[in-house]
Each structure stands twice: as C-alpha cells, then as structure tokens.
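The file input.csv contains CSV, C-alpha atoms:
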```csv
chain,number,residue,atom,x,y,z
A,1,MET,CA,-19.8,5.7,0.3
A,2,PRO,CA,-17.5,3.2,1.9
A,3,GLY,CA,-15.3,4.2,4.9
A,4,TYR,CA,-12.2,4.0,2.7
A,5,SER,CA,-13.4,6.4,0.1
A,6,GLY,CA,-10.9,9.1,1.2
A,7,THR,CA,-7.9,6.8,0.7
A,8,LYS,CA,-9.3,4.8,-2.3
A,9,ALA,CA,-6.5,5.7,-4.7
A,10,ASP,CA,-3.9,4.5,-2.2
A,11,TYR,CA,-5.6,1.1,-1.7
A,12,ALA,CA,-5.9,0.7,-5.5
A,13,LYS,CA,-2.2,1.3,-5.9
A,14,ARG,CA,-1.4,-1.2,-3.1
A,15,MET,CA,-3.6,-3.9,-4.6
A,16,ARG,CA,-1.9,-3.5,-7.9
A,17,ARG,CA,1.5,-3.9,-6.3
A,18,ILE,CA,0.2,-7.0,-4.5
A,19,GLU,CA,-1.1,-8.4,-7.8
A,20,GLY,CA,2.4,-7.9,-9.2
A,21,GLN,CA,4.0,-9.7,-6.2
A,22,VAL,CA,1.6,-12.7,-6.6
A,23,ARG,CA,2.5,-12.9,-10.3
A,24,GLY,CA,6.2,-12.8,-9.3
A,25,ILE,CA,5.7,-15.8,-6.9
A,26,ALA,CA,4.0,-17.8,-9.8
A,27,ARG,CA,7.1,-17.0,-11.9
A,28,MET,CA,9.4,-18.1,-9.1
A,29,ILE,CA,7.6,-21.5,-8.9
A,30,ASP,CA,7.7,-21.8,-12.7
A,31,GLU,CA,11.5,-21.3,-12.6
A,32,ASP,CA,12.0,-23.9,-9.8
A,33,GLU,CA,13.3,-21.4,-7.3
A,34,TYR,CA,14.3,-22.6,-3.9
A,35,CYS,CA,11.3,-23.4,-1.6
A,36,ILE,CA,12.5,-21.0,1.2
A,37,ASP,CA,12.8,-18.1,-1.2
A,38,VAL,CA,9.3,-18.7,-2.5
A,39,LEU,CA,8.0,-18.9,1.1
A,40,THR,CA,9.7,-15.6,2.0
A,41,GLN,CA,7.8,-13.9,-0.9
A,42,VAL,CA,4.5,-15.5,0.2
A,43,SER,CA,5.0,-14.2,3.7
A,44,ALA,CA,5.7,-10.7,2.3
A,45,VAL,CA,2.5,-10.7,0.3
A,46,THR,CA,0.5,-12.0,3.4
A,47,LYS,CA,2.0,-9.1,5.4
A,48,ALA,CA,1.1,-6.6,2.7
A,49,LEU,CA,-2.5,-7.9,2.6
A,50,GLN,CA,-2.7,-7.7,6.4
A,51,ALA,CA,-1.6,-4.1,6.3
A,52,VAL,CA,-4.4,-3.4,3.7
A,53,SER,CA,-6.9,-5.1,6.0
A,54,LEU,CA,-5.8,-3.1,9.1
A,55,GLY,CA,-6.1,0.1,7.1
A,56,LEU,CA,-9.6,-0.8,5.7
A,57,LEU,CA,-10.7,-1.7,9.2
A,58,GLU,CA,-9.5,1.5,10.8
A,59,ASP,CA,-11.3,3.5,8.0
A,60,HIS,CA,-14.4,1.4,8.6
A,61,LEU,CA,-14.4,2.1,12.4
A,62,GLY,CA,-13.7,5.8,11.9
A,63,HIS,CA,-16.5,6.3,9.5
A,64,CYS,CA,-19.2,3.6,9.3
A,65,VAL,CA,-19.1,2.5,12.9
A,66,VAL,CA,-18.8,6.1,14.3
A,67,ASP,CA,-21.7,7.2,12.1
A,68,ALA,CA,-23.8,4.2,13.2
A,69,ALA,CA,-23.0,4.9,16.9
A,70,ARG,CA,-24.4,8.4,16.4
A,71,ALA,CA,-27.4,7.3,14.5
A,72,GLY,CA,-28.7,5.2,17.4
A,73,ASP,CA,-28.2,2.3,19.8
A,74,GLU,CA,-29.5,-0.4,17.5
A,75,GLU,CA,-27.5,0.9,14.5
A,76,GLY,CA,-24.3,1.2,16.6
A,77,ASP,CA,-24.7,-2.3,18.1
A,78,ALA,CA,-25.2,-3.9,14.6
A,79,LYS,CA,-22.1,-2.2,13.2
A,80,VAL,CA,-20.0,-3.2,16.2
A,81,ARG,CA,-21.1,-6.8,16.0
A,82,GLU,CA,-20.3,-6.9,12.2
A,83,ALA,CA,-16.9,-5.2,12.8
A,84,ALA,CA,-16.1,-7.7,15.6
A,85,ASP,CA,-16.8,-10.6,13.2
A,86,ALA,CA,-14.6,-9.1,10.6
A,87,ILE,CA,-11.8,-8.7,13.1
A,88,ALA,CA,-12.2,-12.3,14.2
A,89,ARG,CA,-11.9,-13.5,10.6
A,90,LEU,CA,-8.8,-11.3,10.2
A,91,VAL,CA,-7.1,-12.6,13.4
A,92,ARG,CA,-7.8,-16.2,12.4
A,93,SER,CA,-6.7,-15.8,8.8
B,1,MET,CA,15.1,-29.3,-7.9
B,2,PRO,CA,13.0,-27.7,-5.2
B,3,GLY,CA,11.0,-29.7,-2.8
B,4,TYR,CA,7.7,-28.7,-4.5
B,5,SER,CA,8.6,-30.0,-8.0
B,6,GLY,CA,6.2,-33.0,-7.7
B,7,THR,CA,3.3,-30.6,-7.2
B,8,LYS,CA,4.5,-27.6,-9.2
B,9,ALA,CA,1.5,-27.5,-11.6
B,10,ASP,CA,-0.9,-27.5,-8.7
B,11,TYR,CA,0.9,-24.5,-7.1
B,12,ALA,CA,1.0,-22.7,-10.4
B,13,LYS,CA,-2.8,-23.1,-10.7
B,14,ARG,CA,-3.4,-21.9,-7.1
B,15,MET,CA,-1.2,-18.8,-7.6
B,16,ARG,CA,-3.2,-17.9,-10.8
B,17,ARG,CA,-6.4,-18.2,-8.8
B,18,ILE,CA,-5.0,-16.0,-6.1
B,19,GLU,CA,-4.0,-13.5,-8.7
B,20,GLY,CA,-7.5,-13.4,-9.9
B,21,GLN,CA,-8.8,-12.9,-6.4
B,22,VAL,CA,-6.5,-10.0,-5.8
B,23,ARG,CA,-7.6,-8.4,-9.1
B,24,GLY,CA,-11.2,-8.9,-7.9
B,25,ILE,CA,-10.5,-7.0,-4.6
B,26,ALA,CA,-9.0,-4.1,-6.6
B,27,ARG,CA,-12.2,-4.0,-8.6
B,28,MET,CA,-14.4,-4.1,-5.5
B,29,ILE,CA,-12.5,-1.1,-4.2
B,30,ASP,CA,-12.8,0.7,-7.5
B,31,GLU,CA,-16.5,0.1,-7.4
B,32,ASP,CA,-16.8,1.5,-3.8
B,33,GLU,CA,-18.1,-1.8,-2.4
B,34,TYR,CA,-18.8,-2.0,1.3
B,35,CYS,CA,-15.7,-2.2,3.6
B,36,ILE,CA,-16.7,-5.4,5.3
B,37,ASP,CA,-17.2,-7.2,2.0
B,38,VAL,CA,-13.8,-6.1,0.8
B,39,LEU,CA,-12.3,-7.3,4.2
B,40,THR,CA,-13.9,-10.7,3.8
B,41,GLN,CA,-12.3,-11.1,0.4
B,42,VAL,CA,-8.9,-10.0,1.7
B,43,SER,CA,-9.2,-12.6,4.5
B,44,ALA,CA,-10.0,-15.3,1.9
B,45,VAL,CA,-6.9,-14.4,-0.1
B,46,THR,CA,-4.8,-14.5,3.1
B,47,LYS,CA,-6.1,-17.9,3.9
B,48,ALA,CA,-5.4,-19.2,0.4
B,49,LEU,CA,-1.8,-17.9,0.6
B,50,GLN,CA,-1.4,-19.5,4.0
B,51,ALA,CA,-2.5,-22.8,2.6
B,52,VAL,CA,0.1,-22.4,-0.2
B,53,SER,CA,2.8,-21.7,2.4
B,54,LEU,CA,1.9,-24.7,4.5
B,55,GLY,CA,2.0,-26.9,1.4
B,56,LEU,CA,5.4,-25.6,0.3
B,57,LEU,CA,6.7,-26.0,3.8
B,58,GLU,CA,5.6,-29.6,4.0
B,59,ASP,CA,7.2,-30.3,0.6
B,60,HIS,CA,10.3,-28.6,1.8
B,61,LEU,CA,10.5,-30.6,5.0
B,62,GLY,CA,9.8,-33.9,3.2
B,63,HIS,CA,12.4,-33.4,0.6
B,64,CYS,CA,15.1,-30.8,1.2
B,65,VAL,CA,15.3,-31.2,5.0
B,66,VAL,CA,15.0,-35.0,5.0
B,67,ASP,CA,17.8,-35.2,2.3
B,68,ALA,CA,20.0,-32.9,4.3
B,69,ALA,CA,19.5,-34.9,7.5
B,70,ARG,CA,20.7,-38.0,5.6
B,71,ALA,CA,23.7,-36.1,4.1
B,72,GLY,CA,25.2,-35.3,7.5
B,73,ASP,CA,24.8,-33.5,10.9
B,74,GLU,CA,26.0,-30.1,9.6
B,75,GLU,CA,23.8,-30.2,6.5
B,76,GLY,CA,20.8,-31.3,8.6
B,77,ASP,CA,21.3,-28.6,11.3
B,78,ALA,CA,21.6,-25.9,8.7
B,79,LYS,CA,18.4,-26.9,6.9
B,80,VAL,CA,16.5,-27.2,10.2
B,81,ARG,CA,17.6,-23.8,11.3
B,82,GLU,CA,16.6,-22.3,7.9
B,83,ALA,CA,13.2,-24.0,8.0
B,84,ALA,CA,12.6,-22.9,11.6
B,85,ASP,CA,13.2,-19.3,10.5
B,86,ALA,CA,10.8,-19.6,7.6
B,87,ILE,CA,8.2,-21.1,10.0
B,88,ALA,CA,8.7,-18.1,12.3
B,89,ARG,CA,8.1,-15.7,9.5
B,90,LEU,CA,5.0,-17.6,8.5
B,91,VAL,CA,3.6,-17.6,12.0
B,92,ARG,CA,4.3,-13.9,12.5
B,93,SER,CA,2.8,-12.9,9.1
C,1,MET,CA,13.4,-38.4,25.2
C,2,PRO,CA,11.6,-35.5,23.6
C,3,GLY,CA,13.3,-33.1,21.2
C,4,TYR,CA,13.4,-30.4,23.8
C,5,SER,CA,15.2,-32.3,26.5
C,6,GLY,CA,18.4,-30.3,26.1
C,7,THR,CA,16.6,-27.0,26.8
C,8,LYS,CA,13.9,-28.3,29.2
C,9,ALA,CA,14.9,-26.1,32.1
C,10,ASP,CA,14.6,-23.0,29.9
C,11,TYR,CA,11.1,-24.0,28.8
C,12,ALA,CA,10.1,-24.7,32.4
C,13,LYS,CA,11.2,-21.2,33.4
C,14,ARG,CA,9.4,-19.6,30.4
C,15,MET,CA,6.1,-21.4,31.2
C,16,ARG,CA,6.4,-20.2,34.9
C,17,ARG,CA,6.8,-16.6,33.7
C,18,ILE,CA,3.8,-17.0,31.3
C,19,GLU,CA,1.7,-18.4,34.2
C,20,GLY,CA,2.6,-15.3,36.2
C,21,GLN,CA,1.6,-13.1,33.2
C,22,VAL,CA,-1.8,-14.9,32.9
C,23,ARG,CA,-2.4,-14.3,36.7
C,24,GLY,CA,-1.5,-10.7,36.2
C,25,ILE,CA,-4.1,-10.3,33.5
C,26,ALA,CA,-6.8,-11.9,35.7
C,27,ARG,CA,-5.8,-9.3,38.4
C,28,MET,CA,-6.1,-6.5,35.9
C,29,ILE,CA,-9.6,-7.6,35.0
C,30,ASP,CA,-10.5,-7.9,38.6
C,31,GLU,CA,-9.3,-4.3,39.3
C,32,ASP,CA,-11.3,-3.0,36.3
C,33,GLU,CA,-8.3,-1.8,34.3
C,34,TYR,CA,-8.7,-0.2,30.9
C,35,CYS,CA,-9.7,-2.6,28.1
C,36,ILE,CA,-6.8,-1.6,25.9
C,37,ASP,CA,-4.2,-2.2,28.7
C,38,VAL,CA,-5.6,-5.7,29.3
C,39,LEU,CA,-5.5,-6.4,25.5
C,40,THR,CA,-1.9,-5.3,25.4
C,41,GLN,CA,-1.0,-7.8,28.1
C,42,VAL,CA,-3.0,-10.6,26.4
C,43,SER,CA,-1.0,-9.9,23.1
C,44,ALA,CA,2.3,-10.1,25.1
C,45,VAL,CA,1.3,-13.5,26.5
C,46,THR,CA,0.3,-14.7,23.1
C,47,LYS,CA,3.6,-13.6,21.7
C,48,ALA,CA,5.5,-15.4,24.5
C,49,LEU,CA,3.6,-18.6,23.9
C,50,GLN,CA,4.3,-18.3,20.2
C,51,ALA,CA,8.0,-18.1,20.9
C,52,VAL,CA,7.8,-21.2,23.0
C,53,SER,CA,6.0,-23.0,20.2
C,54,LEU,CA,8.6,-22.0,17.6
C,55,GLY,CA,11.4,-23.1,19.9
C,56,LEU,CA,9.7,-26.5,20.6
C,57,LEU,CA,9.1,-26.9,16.9
C,58,GLU,CA,12.8,-26.2,16.0
C,59,ASP,CA,13.9,-28.7,18.7
C,60,HIS,CA,11.5,-31.2,17.3
C,61,LEU,CA,12.6,-30.9,13.7
C,62,GLY,CA,16.3,-31.0,14.7
C,63,HIS,CA,15.9,-34.1,16.8
C,64,CYS,CA,12.8,-36.2,16.2
C,65,VAL,CA,12.3,-35.4,12.5
C,66,VAL,CA,16.0,-35.7,11.7
C,67,ASP,CA,16.3,-39.0,13.5
C,68,ALA,CA,13.2,-40.4,11.7
C,69,ALA,CA,14.6,-39.3,8.3
C,70,ARG,CA,17.7,-41.3,9.0
C,71,ALA,CA,15.7,-44.3,10.3
C,72,GLY,CA,13.9,-44.8,6.9
C,73,ASP,CA,11.5,-43.4,4.3
C,74,GLU,CA,8.4,-44.4,6.1
C,75,GLU,CA,9.5,-43.1,9.5
C,76,GLY,CA,10.6,-39.8,7.9
C,77,ASP,CA,7.4,-39.3,6.0
C,78,ALA,CA,5.3,-40.0,9.1
C,79,LYS,CA,7.2,-37.5,11.2
C,80,VAL,CA,7.2,-34.8,8.4
C,81,ARG,CA,3.4,-35.2,8.1
C,82,GLU,CA,2.9,-34.9,11.8
C,83,ALA,CA,5.2,-31.8,12.0
C,84,ALA,CA,3.4,-30.2,9.1
C,85,ASP,CA,0.0,-30.7,10.9
C,86,ALA,CA,1.5,-29.1,14.1
C,87,ILE,CA,2.8,-26.1,12.0
C,88,ALA,CA,-0.7,-25.7,10.4
C,89,ARG,CA,-2.3,-25.6,13.9
C,90,LEU,CA,0.3,-23.1,15.0
C,91,VAL,CA,-0.2,-20.8,12.0
C,92,ARG,CA,-3.9,-20.9,12.4
C,93,SER,CA,-3.9,-20.3,16.2
D,1,MET,CA,-15.8,1.5,34.1
D,2,PRO,CA,-14.1,-0.6,31.4
D,3,GLY,CA,-16.0,-1.9,28.4
D,4,TYR,CA,-16.0,-5.5,29.7
D,5,SER,CA,-17.6,-4.7,33.1
D,6,GLY,CA,-20.8,-6.5,32.1
D,7,THR,CA,-19.0,-9.7,31.5
D,8,LYS,CA,-16.2,-9.4,34.0
D,9,ALA,CA,-17.0,-12.6,35.9
D,10,ASP,CA,-16.9,-14.6,32.7
D,11,TYR,CA,-13.4,-13.3,31.7
D,12,ALA,CA,-12.2,-14.0,35.3
D,13,LYS,CA,-13.3,-17.6,34.9
D,14,ARG,CA,-11.7,-17.9,31.5
D,15,MET,CA,-8.4,-16.5,32.7
D,16,ARG,CA,-8.4,-19.0,35.6
D,17,ARG,CA,-9.0,-21.8,33.2
D,18,ILE,CA,-6.1,-20.6,30.9
D,19,GLU,CA,-3.8,-20.3,34.0
D,20,GLY,CA,-4.6,-24.0,34.7
D,21,GLN,CA,-3.8,-24.9,31.1
D,22,VAL,CA,-0.5,-23.1,31.2
D,23,ARG,CA,0.4,-25.0,34.4
D,24,GLY,CA,-0.6,-28.2,32.7
D,25,ILE,CA,1.9,-27.5,29.9
D,26,ALA,CA,4.7,-26.8,32.4
D,27,ARG,CA,3.9,-30.2,33.9
D,28,MET,CA,3.9,-31.9,30.4
D,29,ILE,CA,7.4,-30.5,29.8
D,30,ASP,CA,8.5,-31.6,33.3
D,31,GLU,CA,7.3,-35.1,32.5
D,32,ASP,CA,9.1,-35.2,29.1
D,33,GLU,CA,5.9,-35.6,27.1
D,34,TYR,CA,6.1,-35.7,23.4
D,35,CYS,CA,6.9,-32.4,21.6
D,36,ILE,CA,3.9,-32.5,19.3
D,37,ASP,CA,1.5,-33.1,22.3
D,38,VAL,CA,3.0,-30.1,24.1
D,39,LEU,CA,2.7,-28.0,20.9
D,40,THR,CA,-1.0,-29.0,20.6
D,41,GLN,CA,-1.7,-27.8,24.1
D,42,VAL,CA,0.2,-24.5,23.5
D,43,SER,CA,-1.9,-23.9,20.4
D,44,ALA,CA,-5.0,-24.6,22.5
D,45,VAL,CA,-4.0,-21.9,25.0
D,46,THR,CA,-3.1,-19.4,22.2
D,47,LYS,CA,-6.6,-20.0,20.8
D,48,ALA,CA,-8.3,-19.5,24.2
D,49,LEU,CA,-6.3,-16.2,24.7
D,50,GLN,CA,-7.3,-15.0,21.2
D,51,ALA,CA,-10.9,-15.6,22.0
D,52,VAL,CA,-10.5,-13.5,25.2
D,53,SER,CA,-8.9,-10.7,23.1
D,54,LEU,CA,-11.7,-10.8,20.5
D,55,GLY,CA,-14.3,-10.6,23.3
D,56,LEU,CA,-12.6,-7.7,25.1
D,57,LEU,CA,-12.2,-5.9,21.8
D,58,GLU,CA,-15.9,-6.3,21.0
D,59,ASP,CA,-16.9,-5.0,24.4
D,60,HIS,CA,-14.5,-2.1,24.0
D,61,LEU,CA,-15.9,-1.1,20.6
D,62,GLY,CA,-19.5,-1.5,21.8
D,63,HIS,CA,-18.9,0.7,24.9
D,64,CYS,CA,-15.8,2.9,25.0
D,65,VAL,CA,-15.6,3.6,21.2
D,66,VAL,CA,-19.3,4.1,20.8
D,67,ASP,CA,-19.4,6.5,23.8
D,68,ALA,CA,-16.5,8.4,22.5
D,69,ALA,CA,-18.0,8.7,19.0
D,70,ARG,CA,-21.1,10.3,20.7
D,71,ALA,CA,-19.0,12.6,22.8
D,72,GLY,CA,-17.4,14.3,19.8
D,73,ASP,CA,-15.2,14.1,16.7
D,74,GLU,CA,-11.9,14.4,18.6
D,75,GLU,CA,-12.9,11.8,21.2
D,76,GLY,CA,-14.1,9.4,18.6
D,77,ASP,CA,-11.0,9.7,16.4
D,78,ALA,CA,-8.7,9.2,19.4
D,79,LYS,CA,-10.5,6.0,20.5
D,80,VAL,CA,-10.7,4.6,16.9
D,81,ARG,CA,-7.0,5.2,16.5
D,82,GLU,CA,-6.2,3.5,19.8
D,83,ALA,CA,-8.5,0.5,19.0
D,84,ALA,CA,-6.9,0.2,15.5
D,85,ASP,CA,-3.5,-0.1,17.1
D,86,ALA,CA,-4.7,-2.8,19.5
D,87,ILE,CA,-6.2,-4.7,16.6
D,88,ALA,CA,-2.9,-4.5,14.8
D,89,ARG,CA,-1.0,-5.9,17.8
D,90,LEU,CA,-3.6,-8.7,18.0
D,91,VAL,CA,-3.4,-9.6,14.3
D,92,ARG,CA,0.4,-9.6,14.5
D,93,SER,CA,0.7,-11.6,17.7
```
Structure encoded using structure tokens:
Amino acid sequence: MPGYSGTKADYAKRMRRIEGQVRGIARMIDEDEYCIDVLTQVSAVTKALQAVSLGLLEDHLGHCVVDAARAGDEEGDAKVREAADAIARLVRS
Amino acid sequence: MPGYSGTKADYAKRMRRIEGQVRGIARMIDEDEYCIDVLTQVSAVTKALQAVSLGLLEDHLGHCVVDAARAGDEEGDAKVREAADAIARLVRS
Amino acid sequence: MPGYSGTKADYAKRMRRIEGQVRGIARMIDEDEYCIDVLTQVSAVTKALQAVSLGLLEDHLGHCVVDAARAGDEEGDAKVREAADAIARLVRS
Amino acid sequence: MPGYSGTKADYAKRMRRIEGQVRGIARMIDEDEYCIDVLTQVSAVTKALQAVSLGLLEDHLGHCVVDAARAGDEEGDAKVREAADAIARLVRS
C-alpha cells in the first residue's frame, strides 16, 4: 500500500479539480483570452499541483520512509536517498 | 488579439497533452501506484505547465509589451508592471 | 547605463544585507545549529535573492526592452528573446 | 549533533564560495554591469543555495528523521511534520 492510501479519496478529488482547471485553460486559449489572464490560471494550476506533491511527499515520509528506517539501516538509507531525489525534482520543477 | 495568437494551435495541443497527463496521475492514484512514481509524474506535469507559461510570457512580451512601449510611456509602463507581476507569480508558483 | 541605474543604491544595500545573511548561515553551520533552523535561513536568503532578481528584471523590461522596442523590430525582438531566456533561468533556479 | 555534522566542512566551504559570489554581484551592480549579466549571476547563486538546502535536507532525513522514527511513533511523526514544512518552504522559495 502506498503512503497516501489513507487520503486517497482526497487526492482523487484534487486531481479531478486540476483536470477541470487544465481544460478551462485550453478553453481560454481557444477563446483568445488575454495572455496575462491565461498565465494567472496556469500559475494557479502549478500551485495546486505543488500542494499535491507536498502532501504526497509528507505521506511518503510518514509511512514508507519511517517504516524503512525501522526495518534496518540499508532499507532506511535507500528510501531516504530516493525521497531526496524526489524532493530535488520537485524543487527544480 | 492576444500575444499568443500566432502559436495558438500549438498551445491547444500542449494543454490537451497536459490534460491527459493529469488524468494519468489520477489513474495512478486510483491504482495505488508507488508514491515516488506518482510524484515523478506530477513533477513532469509541473515542468510542462512551466514551459507553457514561459512560452506565453515570451509571446506576450514580444507582442503586447512591445506594442504598448511604442504606443507611449504610460501604456508601456502599465504593461511592464503587469508583466512583472505575472513573472513574480510564475517564479513563486 | 543599465536598467537598474535609478535604483542602484537600493540594490547595493540589499546585496550587502544578503552577504551578511550568507555569513550568518556559515556561522550557524560552524556552531552545529539544528538542520531545520539552517534550512529556514537558506530559504530566507533564496527569497531575498529572488526579490532582487524580480526587481532587476522589471527595471530591465521598463528600460532596456522598452527602448529596444522603440528602436526597431530587430532590436526589440533580440531584447525580448534575451529577457525570456533570463526569465526561464530564474523560474528554473 | 545536527544531521550534517559528517559533511560540515564541505558546507562551510560552499557557504564561503556563495558569500564570494554575492560580493561579486554587489561589485557588478556597483560597476553598472548589464542587467542580464547580473541576473545570470543571481540565478547561479540561487542554484548554489538550493543545492545546499537539498544536501542539508537529505542529511536531516537520513539522521534526525530516521533516528526519530526509531525512537517512537510520536517522535517520528513530529520530525516528519517538521521536515515536510521545511520542504514546503524550500519548494516555495
């Protein structure tokens, strides 16, 4: 079970909302809306996705990484390394 | 006409692809896929949206801001200020 | 003259303050302060640098890019392209 | 002992280099260098600080968070929450 299983329904709802926002931006472009207004919506979606990432990451640390730390040194180290790489991708995206 | 009108079809296509990616992430969550794999996909979508923003912004500077600069000092200043605010939102999102 | 010449003294003061903050972080590390406290200070410096970048960029758009737009199509296009590249570096950093 | 104590000398060296880069930017501004060149250097410093943050965070997860996870549920939860907040500040800065 993934670390987010306790809050899965919440993530599902947030992703559906984000999908609707993305579709809304496509429509704005189709209707020639003003560049700045489109940009504002794109920033809103990026922020929403970032919030999802931060939530997933906290769930992951609190379950998968904590469990691995308790399972042993090697398991803990591997999960920490993997989480650190995911954080780096998040910070740079 | 917005600054992106010359490349509108390209943006429409990119937004459709992003919509598909968002739907794919919702499916991954639904199927209990591993947290880190979900995070990797979310980072990919964030990067794709960021590329759309940077493109829209360049189109906006090259058309709307340049036109305003030529129309007069006041028009130019107003558009520069508005673009700077959009850039700040983008950097902070 | 660069686009920031009207606010040069202000940037000089901000960079001196940032230099002091960086020195403060080095001292925190030297005195073995808690990781999270060091991280909080690094985030504060990153935010301060980002604010400097956004200011410089707005000055640049309002002077160098506006002037180039008025000088001609080719000049305007070249400055817009260059500014867009700087914005992309800023967003990705 | 903080999580970074094993790599403390390396961080000290990196912070000294960053301090030098910040001083270099102040000098560029003082000498009226071109806006875009100043911006490029500010982005370089921001990237260097981000790399320091990611390193400190990995050290913190690998030592403080892992130790807390082993000490007990409450200790683990508290450290995970604190780390997640630091990651959020980092992503948003």
Near chain C, 8 Å: chain B residue rows, closest pairs, all atoms listed in the file, as a Markdown table:
```
| residue | atom | partner | partner_atom | distance |
| --- | --- | --- | --- | --- |
| B:Leu54 | CA | C:Ala88 | CA | 6.5 |
| B:Leu57 | CA | C:Ala84 | CA | 7.5 |
| B:Glu58 | CA | C:Ala84 | CA | 5.6 |
| B:Leu61 | CA | C:Val80 | CA | 6.3 |
| B:Gly62 | CA | C:Val80 | CA | 5.9 |
| B:Val66 | CA | C:Ala69 | CA | 5.4 |
| B:Asp67 | CA | C:Ala69 | CA | 7.9 |
| B:Ala69 | CA | C:Val66 | CA | 5.5 |
| B:Arg70 | CA | C:Arg70 | CA | 5.6 |
| B:Gly76 | CA | C:Val66 | CA | 7.2 |
| B:Asp77 | CA | C:Gly62 | CA | 6.5 |
| B:Val80 | CA | C:Gly62 | CA | 5.9 |
| B:Arg81 | CA | C:Glu58 | CA | 7.1 |
| B:Ala84 | CA | C:Glu58 | CA | 5.5 |
| B:Ile87 | CA | C:Ile87 | CA | 7.6 |
| B:Ala88 | CA | C:Leu54 | CA | 6.6 |
| B:Leu90 | CA | C:Val91 | CA | 7.0 |
| B:Val91 | CA | C:Val91 | CA | 5.0 |
```
ask   = By how many Å are CA of Thr46 in chain B and CA of Glu33 in chain A apart?
value =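 If I compute the distance from CA of Thr46 in chain B to CA of Glu33 in chain A, I get 22.0 Å.
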request  = Kindly indicate which residue among A:Val38, A:Leu56, A:Leu49, A:Ile18 lies nearest to Gly3 in chain A, using only C-alpha atoms for the distances.
outcome  =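 Nearest candidate to Gly3 in chain A out of A:Val38, A:Leu56, A:Leu49, A:Ile18: A:Leu56.
Atom pair CA of Ala44 in chain D / CA of Arg17 in chain D: separated by 11.8 Å.
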When you look at Val52 in chain B with a cut-off of 9 Å (counting all atoms listed in the file), what residues show up, excluding the ones that are within fewer than 5 positions of it in the same chain? I need them as a PDB file with C-alpha atoms, keeping the file's coordinate frame.
```
ATOM      1  CA  LEU A  39       8.000 -18.900   1.100  1.00  0.00           C
ATOM      2  CA  VAL A  42       4.500 -15.500   0.200  1.00  0.00           C
TER       3      VAL A  42
ATOM      4  CA  TYR B  11       0.900 -24.500  -7.100  1.00  0.00           C
ATOM      5  CA  ARG B  14      -3.400 -21.900  -7.100  1.00  0.00           C
ATOM      6  CA  MET B  15      -1.200 -18.800  -7.600  1.00  0.00           C
ATOM      7  CA  LYS B  47      -6.100 -17.900   3.900  1.00  0.00           C
ATOM      8  CA  LEU B  57       6.700 -26.000   3.800  1.00  0.00           C
TER       9      LEU B  57
END
```
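From CA of Asp37 in chain C back to CA of Cys64 in chain D, the distance works out to 13.2 Å.
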